[in-house]
$ cat work.txt   # compact mmCIF, C-alpha atoms
# COMPACT_ATOMS: atom_id res chain seq x y z
CA MET A 1 6.17 -27.39 -15.17
CA ASN A 2 7.49 -27.70 -11.61
CA ILE A 3 4.51 -28.68 -9.45
CA LEU A 4 4.83 -28.24 -5.70
CA THR A 5 3.02 -30.47 -3.23
CA GLY A 6 2.93 -31.13 0.51
CA ASP A 7 5.88 -29.91 2.56
CA ALA A 8 7.64 -28.54 -0.54
CA ALA A 9 4.63 -26.33 -1.21
CA ARG A 10 4.53 -25.14 2.40
CA ALA A 11 8.22 -24.30 2.30
CA ALA A 12 7.83 -22.38 -0.95
CA LEU A 13 4.82 -20.39 0.26
CA LYS A 14 6.16 -19.52 3.71
CA ARG A 15 7.54 -15.99 3.50
CA THR A 16 11.08 -15.13 4.45
CA PHE A 17 12.34 -11.62 5.06
CA ALA A 18 16.02 -12.02 4.27
CA ASP A 19 17.49 -9.22 2.20
CA ASN A 20 17.55 -10.06 -1.49
CA PRO A 21 20.93 -9.91 -3.24
CA VAL A 22 21.55 -6.59 -4.98
CA PRO A 23 21.76 -6.99 -8.77
CA GLU A 24 25.07 -6.07 -10.34
CA SER A 25 23.28 -3.56 -12.58
CA VAL A 26 22.10 -1.64 -9.50
CA LEU A 27 25.61 -1.51 -8.06
CA GLN A 28 26.97 -0.29 -11.40
CA ARG A 29 24.30 2.40 -11.54
CA SER A 30 25.14 3.57 -8.02
CA ALA A 31 28.83 3.69 -8.92
CA ALA A 32 28.01 5.95 -11.87
CA LEU A 33 25.81 8.24 -9.71
CA PHE A 34 27.83 8.35 -6.49
CA GLY A 35 31.34 7.50 -7.58
CA GLU A 36 31.29 4.31 -5.51
CA ARG A 37 29.33 1.08 -5.34
CA LEU A 38 26.61 1.75 -2.81
CA SER A 39 23.82 -0.61 -1.76
CA PRO A 40 20.28 0.69 -2.35
CA GLN A 41 19.95 1.55 1.36
CA GLN A 42 23.27 3.41 1.38
CA ALA A 43 22.23 5.36 -1.70
CA VAL A 44 18.88 6.23 -0.16
CA ASP A 45 20.49 7.35 3.10
CA ARG A 46 22.83 9.65 1.22
CA ILE A 47 19.98 11.24 -0.75
CA LEU A 48 17.84 11.69 2.36
CA ALA A 49 20.67 13.41 4.21
CA ASP A 50 21.39 15.71 1.27
CA VAL A 51 17.76 16.81 0.89
CA ARG A 52 17.48 17.39 4.61
CA GLU A 53 20.56 19.61 4.51
CA ARG A 54 20.19 21.44 1.18
CA GLY A 55 16.44 21.39 0.46
CA ASP A 56 15.37 22.42 -3.04
CA ALA A 57 18.94 22.54 -4.32
CA ALA A 58 19.31 18.85 -3.52
CA LEU A 59 15.94 18.07 -5.14
CA ARG A 60 17.05 19.74 -8.36
CA HIS A 61 20.44 18.02 -8.22
CA TRP A 62 19.11 14.48 -7.77
CA THR A 63 16.28 14.96 -10.26
CA GLN A 64 18.77 16.02 -12.90
CA LEU A 65 21.20 13.24 -12.02
CA ILE A 66 18.70 10.37 -11.73
CA ASP A 67 15.83 11.41 -14.01
CA GLY A 68 17.83 13.52 -16.45
CA VAL A 69 15.43 16.43 -16.04
CA ASP A 70 16.18 20.00 -15.00
CA ILE A 71 13.39 21.45 -12.84
CA ASP A 72 13.65 25.15 -12.13
CA VAL A 73 10.41 25.16 -10.10
CA VAL A 74 9.56 22.13 -7.97
CA GLN A 75 5.80 22.76 -7.69
CA LEU A 76 3.87 22.44 -10.91
CA PRO A 77 2.07 25.73 -11.68
CA ALA A 78 -1.62 25.55 -10.82
CA HIS A 79 -2.70 26.67 -14.29
CA LEU A 80 -1.15 23.53 -15.80
CA ILE A 81 -3.30 21.36 -13.53
CA GLU A 82 -6.42 23.34 -14.40
CA SER A 83 -5.73 23.18 -18.13
CA ALA A 84 -4.80 19.47 -18.27
CA ARG A 85 -6.96 17.44 -20.64
CA VAL A 86 -7.23 13.79 -21.66
CA GLU A 87 -9.44 11.91 -24.10
CA PRO A 88 -13.12 12.04 -23.05
CA ASP A 89 -13.30 8.25 -22.59
CA LEU A 90 -10.29 8.27 -20.27
CA HIS A 91 -11.68 11.25 -18.35
CA GLU A 92 -14.92 9.36 -17.84
CA ALA A 93 -13.02 6.29 -16.63
CA ILE A 94 -11.16 8.45 -14.10
CA LEU A 95 -14.44 9.89 -12.84
CA VAL A 96 -16.03 6.43 -12.54
CA ALA A 97 -13.05 5.09 -10.59
CA ILE A 98 -13.04 8.09 -8.24
CA ALA A 99 -16.77 7.77 -7.63
CA ARG A 100 -16.64 4.03 -6.90
CA VAL A 101 -13.61 4.26 -4.59
CA ARG A 102 -15.26 7.15 -2.76
CA ALA A 103 -18.63 5.38 -2.43
CA PHE A 104 -16.94 2.25 -1.05
CA HIS A 105 -14.94 4.09 1.59
CA GLU A 106 -17.85 6.27 2.63
CA LYS A 107 -19.50 3.09 3.91
CA GLN A 108 -16.65 2.44 6.36
CA PRO A 109 -17.60 3.30 9.96
CA ALA A 110 -15.19 6.12 10.66
CA GLY A 111 -16.64 8.19 13.48
CA GLY A 112 -15.73 8.28 17.13
CA TRP A 113 -17.89 7.68 20.18
CA ILE A 114 -18.48 9.13 23.65
CA GLU A 115 -20.30 7.29 26.41
CA HIS A 116 -21.71 9.35 29.31
CA THR A 117 -22.55 7.47 32.51
CA GLU A 118 -23.06 8.45 36.13
CA GLY A 119 -19.32 7.90 36.55
CA GLY A 120 -18.34 10.38 33.85
CA ALA A 121 -17.44 9.97 30.19
CA LEU A 122 -15.12 7.84 28.09
CA GLY A 123 -14.73 7.84 24.36
CA GLN A 124 -12.68 8.20 21.23
CA LEU A 125 -12.39 11.37 19.17
CA VAL A 126 -11.52 10.95 15.50
CA ARG A 127 -9.57 13.72 13.79
CA PRO A 128 -8.32 13.74 10.19
CA LEU A 129 -4.67 14.28 9.38
CA GLU A 130 -3.80 17.84 8.44
CA ARG A 131 -1.49 17.19 5.48
CA LEU A 132 -0.91 14.04 3.42
CA GLY A 133 1.75 13.41 0.79
CA VAL A 134 0.79 10.90 -1.92
CA TYR A 135 3.62 9.40 -3.95
CA VAL A 136 2.63 8.48 -7.50
CA PRO A 137 5.20 6.38 -9.41
CA GLY A 138 6.28 7.51 -12.85
CA GLY A 139 8.31 5.24 -15.05
CA LEU A 140 6.88 3.75 -18.22
CA ALA A 141 3.27 4.86 -17.71
CA PRO A 142 1.29 7.18 -15.44
CA LEU A 143 -0.12 5.21 -12.50
CA VAL A 144 -3.33 7.20 -12.27
CA SER A 145 -5.03 4.40 -10.34
CA SER A 146 -2.44 4.62 -7.55
CA LEU A 147 -3.32 8.28 -7.04
CA ILE A 148 -7.06 7.54 -7.00
CA HIS A 149 -6.81 4.55 -4.66
CA THR A 150 -4.63 6.41 -2.17
CA ALA A 151 -5.96 9.96 -2.20
CA VAL A 152 -9.70 9.28 -2.37
CA PRO A 153 -9.88 7.36 0.95
CA ALA A 154 -7.96 10.29 2.46
CA VAL A 155 -10.56 12.72 1.11
CA VAL A 156 -13.29 10.61 2.70
CA ALA A 157 -11.31 10.65 5.96
CA GLY A 158 -11.43 14.43 5.90
CA VAL A 159 -7.72 15.17 5.37
CA ARG A 160 -7.35 18.93 5.09
CA GLU A 161 -4.61 19.08 2.49
CA ILE A 162 -3.41 16.44 0.02
CA VAL A 163 -0.30 16.95 -2.12
CA VAL A 164 1.24 14.73 -4.77
CA ALA A 165 4.87 14.01 -5.62
CA THR A 166 5.59 12.27 -8.91
CA PRO A 167 8.71 11.97 -11.11
CA PRO A 168 8.86 14.48 -13.98
CA GLY A 169 8.83 13.35 -17.57
CA GLN A 170 10.54 14.94 -20.53
CA GLY A 171 10.81 18.70 -20.14
CA GLY A 172 9.72 18.46 -16.52
CA GLN A 173 6.14 17.69 -17.46
CA VAL A 174 3.67 15.51 -15.56
CA HIS A 175 1.33 13.21 -17.50
CA PRO A 176 -2.03 14.95 -18.04
CA ALA A 177 -3.97 11.93 -16.76
CA ILE A 178 -2.34 12.35 -13.34
CA LEU A 179 -3.15 16.05 -13.40
CA VAL A 180 -6.78 15.45 -14.37
CA ALA A 181 -7.20 12.90 -11.58
CA ALA A 182 -5.51 15.25 -9.10
CA ARG A 183 -7.86 18.06 -10.11
CA GLU A 184 -10.97 15.90 -9.83
CA ILE A 185 -9.91 14.57 -6.42
CA GLY A 186 -9.11 18.04 -5.09
CA VAL A 187 -5.36 17.71 -4.65
CA GLU A 188 -3.78 20.91 -3.33
CA ALA A 189 -0.42 20.77 -5.14
CA VAL A 190 1.62 18.57 -7.48
CA TYR A 191 5.40 18.42 -7.06
CA ARG A 192 7.43 17.16 -10.00
CA VAL A 193 9.99 15.18 -8.07
CA GLY A 194 10.28 11.43 -7.53
CA GLY A 195 12.37 8.76 -5.89
CA ALA A 196 13.99 8.92 -2.48
CA GLN A 197 14.43 12.67 -2.88
CA ALA A 198 10.64 13.14 -3.02
CA ILE A 199 10.15 11.08 0.14
CA ALA A 200 12.80 13.15 1.90
CA ALA A 201 11.14 16.41 0.87
CA LEU A 202 7.72 15.26 2.05
CA ALA A 203 9.14 14.04 5.36
CA TYR A 204 11.51 16.87 6.24
CA GLY A 205 10.27 19.78 4.14
CA THR A 206 12.20 22.08 1.80
CA GLU A 207 11.80 25.67 0.64
CA SER A 208 9.11 24.58 -1.84
CA ILE A 209 7.54 21.60 -0.07
CA ALA A 210 6.09 21.81 3.41
CA ALA A 211 6.53 18.65 5.49
CA VAL A 212 3.50 16.36 5.66
CA ASP A 213 2.05 14.31 8.51
CA LYS A 214 2.01 11.07 6.53
CA ILE A 215 3.30 9.67 3.23
CA ALA A 216 1.28 7.10 1.30
CA GLY A 217 1.56 5.39 -2.05
CA PRO A 218 3.63 2.67 -3.72
CA GLY A 219 7.02 3.02 -5.39
CA ASN A 220 10.16 1.20 -6.43
CA GLN A 221 12.75 -0.27 -4.06
CA PHE A 222 14.37 3.11 -3.42
CA VAL A 223 11.04 4.76 -2.57
CA VAL A 224 10.13 1.95 -0.17
CA LEU A 225 13.54 2.08 1.53
CA ALA A 226 13.19 5.84 1.86
CA LYS A 227 9.71 5.50 3.41
CA ARG A 228 11.09 3.04 5.93
CA ALA A 229 13.99 5.35 6.77
CA VAL A 230 11.86 8.46 7.40
CA TYR A 231 9.25 6.67 9.51
CA GLY A 232 9.12 8.35 12.88
CA SER A 233 9.72 11.78 11.41
CA VAL A 234 6.53 11.19 9.47
CA GLY A 235 3.89 8.48 9.27
CA ILE A 236 3.72 5.95 6.45
CA GLU A 237 0.81 3.76 5.45
CA SER A 238 2.83 0.66 4.48
CA LEU A 239 5.96 -0.58 2.73
CA PRO A 240 4.47 -2.01 -0.45
CA GLY A 241 6.69 -4.46 -2.31
CA PRO A 242 6.29 -6.27 -5.63
CA THR A 243 2.70 -7.22 -6.31
CA GLU A 244 1.36 -10.76 -5.98
CA THR A 245 -1.77 -12.74 -6.77
CA LEU A 246 -2.71 -16.23 -5.62
CA VAL A 247 -5.37 -17.87 -7.77
CA LEU A 248 -7.15 -20.69 -5.94
CA ALA A 249 -9.08 -22.78 -8.46
CA ASP A 250 -10.87 -26.12 -8.63
CA ASP A 251 -11.71 -28.47 -11.50
CA GLY A 252 -14.67 -26.30 -12.49
CA ALA A 253 -12.54 -23.24 -13.22
CA ASP A 254 -12.11 -21.97 -16.76
CA ALA A 255 -8.42 -22.34 -17.62
CA ARG A 256 -8.63 -19.24 -19.82
CA PHE A 257 -9.67 -17.10 -16.87
CA VAL A 258 -7.04 -18.61 -14.58
CA ALA A 259 -4.28 -17.94 -17.11
CA ALA A 260 -5.54 -14.42 -17.81
CA ASP A 261 -5.56 -13.54 -14.10
CA LEU A 262 -2.07 -14.92 -13.60
CA LEU A 263 -0.70 -12.98 -16.60
CA ALA A 264 -2.44 -9.78 -15.50
CA GLN A 265 -0.34 -9.96 -12.37
CA ALA A 266 2.77 -11.28 -14.09
CA GLU A 267 3.16 -8.23 -16.34
CA HIS A 268 4.10 -6.11 -13.30
CA ASN A 269 7.82 -5.76 -12.72
CA GLY A 270 8.93 -8.26 -10.08
CA ALA A 271 5.44 -9.74 -9.66
CA GLU A 272 4.84 -13.18 -8.15
CA PRO A 273 1.91 -15.14 -9.61
CA VAL A 274 0.79 -18.25 -7.69
CA LEU A 275 -1.66 -20.98 -8.65
CA VAL A 276 -3.06 -23.38 -6.04
CA THR A 277 -5.50 -26.08 -7.14
CA ASP A 278 -6.62 -29.58 -6.28
CA SER A 279 -6.99 -30.50 -9.97
CA ARG A 280 -4.04 -31.84 -11.96
CA GLU A 281 -6.14 -31.64 -15.12
CA LEU A 282 -6.62 -27.91 -14.59
CA LEU A 283 -2.86 -27.45 -14.21
CA ILE A 284 -2.30 -29.01 -17.62
CA GLU A 285 -4.96 -26.81 -19.23
CA VAL A 286 -3.61 -23.67 -17.56
CA GLU A 287 -0.10 -24.42 -18.77
CA ARG A 288 -1.37 -24.54 -22.35
CA GLU A 289 -3.41 -21.35 -21.90
CA LEU A 290 -0.49 -19.48 -20.35
CA ALA A 291 1.72 -20.29 -23.32
CA ARG A 292 -0.97 -19.24 -25.80
CA GLN A 293 -1.97 -16.02 -24.06
CA LEU A 294 1.63 -15.07 -23.35
CA GLU A 295 2.52 -15.22 -27.03
CA ASN A 296 -0.46 -13.01 -27.87
CA LEU A 297 0.68 -10.21 -25.55
CA PRO A 298 2.41 -7.26 -27.22
CA GLU A 299 5.91 -6.23 -26.28
CA PRO A 300 7.18 -5.18 -23.81
CA ASN A 301 4.31 -6.72 -21.78
CA ARG A 302 5.17 -10.17 -23.11
CA SER A 303 8.74 -9.92 -21.84
CA TRP A 304 7.68 -8.59 -18.44
CA ALA A 305 5.10 -11.36 -18.00
CA ARG A 306 7.45 -14.06 -19.27
CA ASP A 307 10.09 -13.01 -16.73
CA SER A 308 7.59 -13.36 -13.88
CA VAL A 309 6.27 -16.70 -15.15
CA MET A 310 9.72 -18.16 -15.76
CA THR A 311 11.37 -16.97 -12.54
CA ARG A 312 8.72 -16.47 -9.85
CA PHE A 313 5.60 -18.46 -10.81
CA LYS A 314 4.64 -20.99 -8.15
CA ILE A 315 2.38 -23.91 -9.07
CA VAL A 316 0.88 -25.88 -6.20
CA LEU A 317 -1.19 -29.06 -6.34
CA ALA A 318 -3.14 -29.50 -3.09
CA GLY A 319 -4.67 -32.77 -1.93
CA ASP A 320 -8.06 -31.09 -1.48
CA LEU A 321 -9.58 -27.64 -1.04
CA ASP A 322 -9.01 -27.69 2.72
CA GLU A 323 -5.29 -28.01 2.12
CA ALA A 324 -5.50 -25.41 -0.65
CA PHE A 325 -6.92 -22.86 1.79
CA GLU A 326 -4.35 -23.83 4.42
CA LEU A 327 -1.62 -23.03 1.90
CA ALA A 328 -3.29 -19.80 0.81
CA ASN A 329 -3.52 -18.61 4.41
CA LEU A 330 0.13 -19.54 4.95
CA TYR A 331 1.11 -17.39 1.96
CA ALA A 332 -1.14 -14.47 3.06
CA PRO A 333 -1.41 -13.02 -0.45
CA GLU A 334 -2.00 -9.44 -1.41
CA HIS A 335 -4.72 -10.67 -3.80
CA LEU A 336 -6.59 -13.96 -3.39
CA CYS A 337 -8.73 -14.92 -6.37
CA LEU A 338 -11.34 -17.65 -5.76
CA LEU A 339 -12.16 -19.32 -9.07
CA LEU A 340 -14.23 -22.05 -7.48
CA GLN A 341 -17.64 -23.57 -7.92
CA ASP A 342 -19.89 -21.88 -5.36
CA ALA A 343 -17.00 -19.57 -4.45
CA TRP A 344 -19.01 -17.65 -1.85
CA SER A 345 -19.31 -20.71 0.35
CA TYR A 346 -15.51 -20.72 0.84
CA VAL A 347 -15.00 -17.08 1.86
CA GLY A 348 -15.16 -18.04 5.54
CA LYS A 349 -12.05 -20.18 5.12
CA VAL A 350 -9.90 -17.14 4.31
CA ARG A 351 -7.99 -15.83 7.32
CA ARG A 352 -5.14 -13.89 5.73
CA ALA A 353 -5.30 -11.82 2.53
CA GLY A 354 -5.23 -8.23 1.42
CA GLY A 355 -8.30 -8.68 -0.75
CA ILE A 356 -10.56 -11.57 -1.76
CA PHE A 357 -11.84 -11.64 -5.33
CA VAL A 358 -14.85 -13.94 -5.40
CA GLY A 359 -15.83 -15.62 -8.64
CA GLU A 360 -15.18 -15.16 -12.33
CA ALA A 361 -16.66 -11.64 -12.61
CA SER A 362 -14.47 -10.26 -9.81
CA MET A 363 -11.05 -10.48 -11.38
CA GLU A 364 -8.20 -8.75 -9.59
CA ALA A 365 -7.55 -6.50 -12.59
CA LEU A 366 -10.97 -4.92 -12.04
CA GLY A 367 -10.04 -4.29 -8.42
CA ASP A 368 -6.93 -2.44 -9.57
CA TYR A 369 -9.11 0.22 -11.11
CA ALA A 370 -12.80 0.55 -10.41
CA ALA A 371 -14.22 -2.12 -8.09
CA GLY A 372 -14.24 0.19 -5.07
CA PRO A 373 -11.76 -0.91 -2.35
CA SER A 374 -8.32 0.67 -2.46
CA HIS A 375 -5.90 -1.43 -4.45
CA VAL A 376 -3.04 -0.51 -2.09
CA MET A 377 -2.92 -3.81 -0.21
CA PRO A 378 -0.33 -5.52 2.00
CA THR A 379 2.38 -7.49 0.16
CA GLY A 380 5.17 -9.86 1.10
CA GLY A 381 3.10 -11.78 3.63
CA THR A 382 2.29 -8.65 5.65
CA ALA A 383 -1.42 -9.40 5.24
CA ARG A 384 -0.83 -11.40 8.44
CA PHE A 385 -0.89 -8.10 10.33
CA LEU A 386 -1.67 -5.25 7.92
CA SER A 387 -4.80 -4.14 6.07
CA PRO A 388 -5.49 -2.46 2.73
CA VAL A 389 -5.42 1.34 2.68
CA ASN A 390 -8.64 2.61 4.23
CA VAL A 391 -10.16 5.67 5.86
CA ARG A 392 -8.56 4.98 9.25
CA ASP A 393 -5.09 5.27 7.69
CA PHE A 394 -5.69 9.00 7.39
CA GLN A 395 -7.20 9.74 10.78
CA ASN A 396 -5.97 10.03 14.35
CA ILE A 397 -7.92 8.47 17.18
CA ILE A 398 -7.73 10.46 20.41
CA SER A 399 -8.79 8.77 23.65
CA LEU A 400 -11.15 10.88 25.75
CA ILE A 401 -11.21 10.47 29.55
CA GLY A 402 -13.65 12.60 31.56
CA LEU A 403 -14.36 10.62 34.73
CA ASN A 404 -15.85 12.02 37.91
CA GLU A 405 -15.52 11.31 41.64
CA VAL A 406 -17.88 8.35 41.48
CA THR A 407 -15.50 6.43 39.23
CA LEU A 408 -12.44 7.81 40.98
CA ARG A 409 -13.56 6.25 44.28
CA GLU A 410 -14.44 3.00 42.53
CA VAL A 411 -11.24 2.42 40.56
CA GLY A 412 -8.72 4.81 42.15
CA PRO A 413 -7.55 2.46 44.93
CA HIS A 414 -6.94 -0.30 42.35
CA ALA A 415 -4.94 2.07 40.15
CA ALA A 416 -2.86 3.19 43.14
CA ARG A 417 -2.05 -0.43 44.04
CA LEU A 418 -0.93 -1.12 40.48
CA ALA A 419 1.24 2.02 40.53
CA ARG A 420 3.02 0.91 43.71
CA ALA A 421 3.45 -2.60 42.29
CA GLU A 422 5.38 -0.94 39.46
CA GLY A 423 7.43 1.17 41.87
CA LEU A 424 5.83 4.46 40.83
CA GLU A 425 5.01 6.13 44.14
CA ALA A 426 4.24 9.57 42.67
CA HIS A 427 1.60 7.99 40.44
CA ALA A 428 -0.07 6.41 43.45
CA ARG A 429 0.00 9.66 45.43
CA ALA A 430 -1.46 11.66 42.53
CA ILE A 431 -4.48 9.35 42.75
CA GLU A 432 -4.72 9.20 46.53
CA ILE A 433 -4.52 12.96 47.10
CA ARG A 434 -7.82 13.22 45.23
CA LEU A 435 -9.35 10.44 47.29
CA GLN A 436 -8.27 12.09 50.52
CA ASP A 437 -9.32 15.58 49.48
CA GLY A 438 -12.75 14.57 48.23
CA LYS A 439 -12.89 17.59 45.91
CA ALA A 440 -12.15 15.89 42.60
CA HIS A 441 -14.86 16.46 40.01

$ encode --input "work.txt" --output "structure tokens"
Amino acid sequence: MNILTGDAARAALKRTFADNPVPESVLQRSAALFGERLSPQQAVDRILADVRERGDAALRHWTQLIDGVDIDVVQLPAHLIESARVEPDLHEAILVAIARVRAFHEKQPAGGWIEHTEGGALGQLVRPLERLGVYVPGGLAPLVSSLIHTAVPAVVAGVREIVVATPPGQGGQVHPAILVAAREIGVEAVYRVGGAQAIAALAYGTESIAAVDKIAGPGNQFVVLAKRAVYGSVGIESLPGPTETLVLADDGADARFVAADLLAQAEHNGAEPVLVTDSRELLIEVERELARQLENLPEPNRSWARDSVMTRFKIVLAGDLDEAFELANLYAPEHLCLLLQDAWSYVGKVRRAGGIFVGEASMEALGDYAAGPSHVMPTGGTARFLSPVNVRDFQNIISLIGLNEVTLREVGPHAARLARAEGLEAHARAIEIRLQDGKAH
């Protein structure tokens, strides 16, 4: 067990944004698809350009080439969404998650304001986005929770139209759990297309998919690179990377819970689990628990979790809890789990995190599904300047200026002076002509 302390811990927890080396397997895959060894960004750029030029034909081409699925119609027929069914217990779980995420976000202050004074009016108008595209990853299992935790805050925000893009499975089908959740949320359409080609379609539009105002939702490296590339043509909510959890625990923590929380994160592909504690005894107990619980996981979860633990697990021994929180704030984790005695008394020490999970009953795994806040949180240290997905992500704020002559005469001369200081004479004159005329109202 490699235990980090002091400056070594700070160096390990300070984020760097250098490009990671591209695995040989990815280069081999691109060579098979494109006929040459392209980097992920080069591959994404080529797909984006093709979809922009050829529309649906490109979507069908790349879906067949990458996913091995022929899709004759991009949009899933509405009757398949209406007829989708899952086991009653799973349907109930979907409804509970939707209700709790909705109830949480409905509490967020989301309105605008207008202040009328004798000098006129100033304010902010809040308007929902017209059309949102939600990307739902496919892969080994349907990520129903990603749909719920992205689309429901948008519903609360008042978005007029929400559509979903998700990779097709065998025979071009979409998992019924995604369809049930989409129906319950009120999604307008489901498109069976994934990857960079889906992001391109949502950003630029094709014959079957109208362009959206914003794209939200997590995805693999190619999806994230595509979101970054189309930004400006369309809005994006974030560039979510591999997930991460930092467990901050003291000598009163239950090693079983610490290990369980670390493994819950570790079973995600590419995840980075981190443990920071001021107790060497706890580290020893957690090491034993990790080994025991890891062996009890079924495959392939055991292999996924073992890869994360063996290659990316960071173990930090702090001198005291003050240093532990200093290190946690330096790392700025997506998820910060406080397994501390009297955990609530330490919440004020947290300055940077996507979400704080306070105490033993608030494990991060619960937050992934049905706690209430969106689980789409900033990763890679971006919690220094980004926030979890929330209602404001799906609204525009419009500044409102309705001043009258009283305010014009009070602040106009100052504005004109500033304009001339910047060398903008026409700006100054546009203000002064009103002052001279005396007819502004």

$ residues_around --input "work.txt" --residues "Arg429 (chain A)" --least-positions-apart "5" --cutoff "12 Å" --atoms "only C-alpha atoms" --output "PyMOL selection string"
chain A and resi 412-413+415-420+423-424+434-437

$ closest_residue --input "work.txt" --among "A:Ser308, A:Ser30, A:Thr245, A:Thr382" --to "Lys14 (chain A)" --atoms "only C-alpha atoms"
A:Thr382

$ residues_around --input "work.txt" --residues "Phe325 (chain A)" --least-positions-apart "6" --cutoff "12 Å" --atoms "all atoms listed in the file" --output "ChimeraX atom specification"
/A:10,246-250,275-278,316-319,331-333,336-338,340,346-353

$ closest_atom_pairs --input "work.txt" --of "region 101-196 of chain A" --to "region 202-209 of chain A" --cutoff "12 Å" --atoms "all atoms listed in the file" --output "Markdown table"
| residue | atom | partner | partner_atom | distance |
| --- | --- | --- | --- | --- |
| A:Arg131 | CA | A:Leu202 | CA | 10.0 |
| A:Leu132 | CA | A:Leu202 | CA | 8.8 |
| A:Gly133 | CA | A:Leu202 | CA | 6.4 |
| A:Val134 | CA | A:Leu202 | CA | 9.1 |
| A:Tyr135 | CA | A:Leu202 | CA | 9.3 |
| A:Ile162 | CA | A:Leu202 | CA | 11.4 |
| A:Val163 | CA | A:Leu202 | CA | 9.2 |
| A:Val164 | CA | A:Leu202 | CA | 9.4 |
| A:Ala165 | CA | A:Leu202 | CA | 8.3 |
| A:Thr166 | CA | A:Leu202 | CA | 11.6 |
| A:Glu188 | CA | A:Ile209 | CA | 11.8 |
| A:Ala189 | CA | A:Ile209 | CA | 9.5 |
| A:Val190 | CA | A:Ile209 | CA | 10.0 |
| A:Tyr191 | CA | A:Ile209 | CA | 8.0 |
| A:Arg192 | CA | A:Ile209 | CA | 10.9 |
| A:Val193 | CA | A:Leu202 | CA | 10.4 |
| A:Gly194 | CA | A:Leu202 | CA | 10.6 |
| A:Gly195 | CA | A:Leu202 | CA | 11.3 |
| A:Ala196 | CA | A:Leu202 | CA | 10.0 |

$ residues_around --input "work.txt" --residues "Val152 (chain A)" --least-positions-apart "3" --cutoff "12 Å" --atoms "all atoms listed in the file" --output "ChimeraX atom specification"
/A:94-95,97-106,132,134,144-149,155-159,162,181-187,216-217,372-376,389-391,393-394

$ atom_distance --input "work.txt" --atom1 "CA of Val22 (chain A)" --atom2 "CA of Glu244 (chain A)"
20.6 Å
